[in-house]
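Student: Below: one structure in structure tokens.
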Amino acid sequence: MSDSAFSTPEAVEAAFYAAFEARSLDAMMAVWAGDDAIACIHPMAAPLDGRAAIAAGWRSMFEAAGQFRVQVEFAQEIRTAEQVIRIVREYLAIGEETEPRPPILATNIYRKEAGGWRMVLHHASPLRVGGTPPSRTPPVVLH
């Protein structure tokens, strides 16, 4: 794990997406917590648990695709003193694509550690084509 410290969850998130676009495995793994209590779920894929599996997943993705361009749009945040959950829309263009693909909804969870903030979960899932998530989920009434 890198010795770089991230002073805020937003700094981790910026570094995460910069590493994604740069296809840099070292920079990508620097954003993740140092223990194995971490997980990553790429769209339509099985969960990757722990640092070794997550590194292998990103390595495979970086080797299989050309250049990535990612635009990130903030959707929602849940914040406590020790953990932040950020939900974002990712607009991804791969290789020579000039227009981004339909949005991917991602949940990024960050945990405060002794050395600063680190990512502990990235879960990305495609939205319905042409759909956008509701601004607020309607309450469920149980009888």
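Chain labels A, B, ... are given in the sequence in which chains occur in the structure tokens; within each chain residues are numbered consecutively from 1, and ligands are likewise numbered from 1 in the order shown.
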Hey, what's within 8 Å of stretch 9-16 of chain A if we count only C-alpha atoms and toss same-chain stuff fewer than 3 positions away? As a list in words, please?
Tutor: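 Those residues are Phe6, Ala19, Phe20, Ala27, Met28, Val31, Val84, Asn108, Tyr110, Trp117, Arg118 and Met119 of chain A.
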Student: Take the residues from that selection and write them out as a compact mmCIF listing (two decimals), in the first residue's frame, keeping C-alpha atoms.
Tutor:
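So the final result, stored in result-v1.txt, reads:
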```
# COMPACT_ATOMS: atom_id res chain seq x y z
CA PHE A 6 -5.82 11.27 1.85
CA ALA A 19 -6.03 6.17 -11.30
CA PHE A 20 -8.92 4.67 -13.29
CA ALA A 27 -2.21 4.51 -8.05
CA MET A 28 -5.44 2.50 -7.93
CA VAL A 31 -6.58 4.50 -2.58
CA VAL A 84 -18.56 8.22 4.21
CA ASN A 108 -18.07 4.34 -2.98
CA TYR A 110 -14.54 5.43 2.51
CA TRP A 117 -9.15 8.21 4.47
CA ARG A 118 -9.19 5.09 2.25
CA MET A 119 -11.69 3.33 0.01
```
Student: Once DSSP has gone over the backbone, tell me which residues of stretch 30-77 of chain A are in strand (DSSP E), as a ChimeraX atom specification.
Tutor: /A:39-41,48-49,68-77
Student: Write out the residues from the selection above, keeping N, CA and C atoms, as a short mmCIF file (atom, residue, chain, number, x, y, z; two decimals), in the first residue's frame.
Tutor:
```cif
data_model
loop_
_atom_site.label_atom_id
_atom_site.label_comp_id
_atom_site.auth_asym_id
_atom_site.auth_seq_id
_atom_site.Cartn_x
_atom_site.Cartn_y
_atom_site.Cartn_z
N ALA A 39 -13.88 -4.55 -0.66
CA ALA A 39 -14.54 -5.26 -1.76
C ALA A 39 -14.75 -4.31 -2.94
N CYS A 40 -14.78 -4.91 -4.12
CA CYS A 40 -15.03 -4.17 -5.35
C CYS A 40 -15.94 -5.01 -6.23
N ILE A 41 -16.99 -4.38 -6.75
CA ILE A 41 -17.90 -5.08 -7.65
C ILE A 41 -18.01 -4.24 -8.92
N LEU A 48 -15.24 -8.88 -5.76
CA LEU A 48 -13.81 -9.14 -5.52
C LEU A 48 -13.56 -8.77 -4.07
N ASP A 49 -13.08 -9.71 -3.28
CA ASP A 49 -12.86 -9.49 -1.85
C ASP A 49 -11.37 -9.52 -1.54
N PHE A 68 -9.42 5.09 -20.85
CA PHE A 68 -10.69 5.36 -20.18
C PHE A 68 -10.84 6.86 -19.97
N ARG A 69 -12.05 7.35 -20.16
CA ARG A 69 -12.39 8.70 -19.75
C ARG A 69 -13.63 8.57 -18.89
N VAL A 70 -13.58 9.12 -17.70
CA VAL A 70 -14.69 8.99 -16.76
C VAL A 70 -15.11 10.38 -16.29
N GLN A 71 -16.38 10.67 -16.44
CA GLN A 71 -16.97 11.87 -15.85
C GLN A 71 -17.81 11.38 -14.67
N VAL A 72 -17.67 12.07 -13.55
CA VAL A 72 -18.36 11.66 -12.33
C VAL A 72 -19.32 12.75 -11.91
N GLU A 73 -20.54 12.34 -11.62
CA GLU A 73 -21.58 13.27 -11.18
C GLU A 73 -22.06 12.82 -9.80
N PHE A 74 -21.93 13.69 -8.82
CA PHE A 74 -22.35 13.39 -7.45
C PHE A 74 -23.86 13.22 -7.40
N ALA A 75 -24.32 12.20 -6.63
CA ALA A 75 -25.75 11.98 -6.48
C ALA A 75 -26.20 12.08 -5.02
N GLN A 76 -25.47 11.47 -4.10
CA GLN A 76 -25.91 11.45 -2.71
C GLN A 76 -24.72 11.11 -1.81
N GLU A 77 -24.83 11.54 -0.54
CA GLU A 77 -23.78 11.23 0.44
C GLU A 77 -24.41 10.95 1.80
#
```
Student: Please, what distance in Å, to one decimal, runs between atom CA of A:Pro126 and atom CA of A:Gly95?
Tutor: 19.0 Å
Student: Can you tell me which residues surround A:Ile54 at a distance of at most 12 Å, considering only C-alpha atoms, apart from same-chain residues fewer than 3 positions away, and format the answer as a ChimeraX atom specification?
Tutor: /A:25-26,28-42,46-51,57-61,119-123
Student: How about saving the chosen residues, C-alpha atoms kept, as a PDB file, in the first residue's frame?
Tutor:
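What follows is the written file out-v8.pdb:
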```pdb
ATOM      1  CA  LEU A  25      -2.589  -0.191 -10.874  1.00  0.00           C
ATOM      2  CA  ASP A  26      -0.174   1.308  -8.312  1.00  0.00           C
ATOM      3  CA  MET A  28      -5.442   2.499  -7.928  1.00  0.00           C
ATOM      4  CA  MET A  29      -4.279   0.291  -5.073  1.00  0.00           C
ATOM      5  CA  ALA A  30      -2.996   3.339  -3.156  1.00  0.00           C
ATOM      6  CA  VAL A  31      -6.577   4.500  -2.581  1.00  0.00           C
ATOM      7  CA  TRP A  32      -7.730   1.223  -0.988  1.00  0.00           C
ATOM      8  CA  ALA A  33      -7.538   0.424   2.725  1.00  0.00           C
ATOM      9  CA  GLY A  34      -4.497  -1.627   3.699  1.00  0.00           C
ATOM     10  CA  ASP A  35      -6.347  -4.592   5.155  1.00  0.00           C
ATOM     11  CA  ASP A  36      -8.408  -7.240   3.372  1.00  0.00           C
ATOM     12  CA  ALA A  37     -11.775  -5.976   4.668  1.00  0.00           C
ATOM     13  CA  ILE A  38     -12.434  -4.351   1.282  1.00  0.00           C
ATOM     14  CA  ALA A  39     -14.537  -5.256  -1.756  1.00  0.00           C
ATOM     15  CA  CYS A  40     -15.026  -4.166  -5.351  1.00  0.00           C
ATOM     16  CA  ILE A  41     -17.903  -5.076  -7.651  1.00  0.00           C
ATOM     17  CA  HIS A  42     -17.543  -4.130 -11.302  1.00  0.00           C
ATOM     18  CA  ALA A  46     -18.924 -11.125  -9.084  1.00  0.00           C
ATOM     19  CA  PRO A  47     -17.570  -9.393  -5.954  1.00  0.00           C
ATOM     20  CA  LEU A  48     -13.813  -9.135  -5.523  1.00  0.00           C
ATOM     21  CA  ASP A  49     -12.856  -9.486  -1.854  1.00  0.00           C
ATOM     22  CA  GLY A  50      -9.494  -8.418  -0.437  1.00  0.00           C
ATOM     23  CA  ARG A  51      -6.513  -6.572  -1.863  1.00  0.00           C
ATOM     24  CA  GLY A  57      -9.553  -7.352 -11.202  1.00  0.00           C
ATOM     25  CA  TRP A  58      -8.250  -3.874 -11.972  1.00  0.00           C
ATOM     26  CA  ARG A  59      -5.121  -5.291 -13.677  1.00  0.00           C
ATOM     27  CA  SER A  60      -7.358  -7.386 -15.946  1.00  0.00           C
ATOM     28  CA  MET A  61      -9.589  -4.413 -16.747  1.00  0.00           C
ATOM     29  CA  MET A 119     -11.686   3.333   0.007  1.00  0.00           C
ATOM     30  CA  VAL A 120     -13.247   0.129   1.360  1.00  0.00           C
ATOM     31  CA  LEU A 121     -15.945  -0.505  -1.274  1.00  0.00           C
ATOM     32  CA  HIS A 122     -16.588   0.368  -4.889  1.00  0.00           C
ATOM     33  CA  HIS A 123     -19.803  -1.117  -6.313  1.00  0.00           C
TER      34      HIS A 123
END
```
Student: One decimal, Å: what's the distance from atom CA of A:Ala81 over to atom CA of A:Lys112, could you say?
Tutor: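 For atom CA of A:Ala81 relative to atom CA of A:Lys112, the distance reads 7.9 Å.
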Student: If you run DSSP over the backbone, which residues in stretch 47-134 of chain A end up alpha helix (DSSP H)? Put them as a CSV table (one decimal) with C-alpha atoms, in the first residue's frame.
Tutor:
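Dumped everything to part.csv:
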```
chain,number,residue,atom,x,y,z
A,51,ARG,CA,-6.5,-6.6,-1.9
A,52,ALA,CA,-5.1,-9.4,-4.0
A,53,ALA,CA,-8.5,-10.0,-5.8
A,54,ILE,CA,-9.2,-6.3,-6.3
A,55,ALA,CA,-5.7,-5.7,-7.7
A,56,ALA,CA,-6.2,-8.7,-10.1
A,57,GLY,CA,-9.6,-7.4,-11.2
A,58,TRP,CA,-8.2,-3.9,-12.0
A,59,ARG,CA,-5.1,-5.3,-13.7
A,60,SER,CA,-7.4,-7.4,-15.9
A,61,MET,CA,-9.6,-4.4,-16.7
A,62,PHE,CA,-6.6,-2.1,-17.5
A,63,GLU,CA,-5.0,-4.7,-19.8
A,64,ALA,CA,-8.2,-5.5,-21.7
```
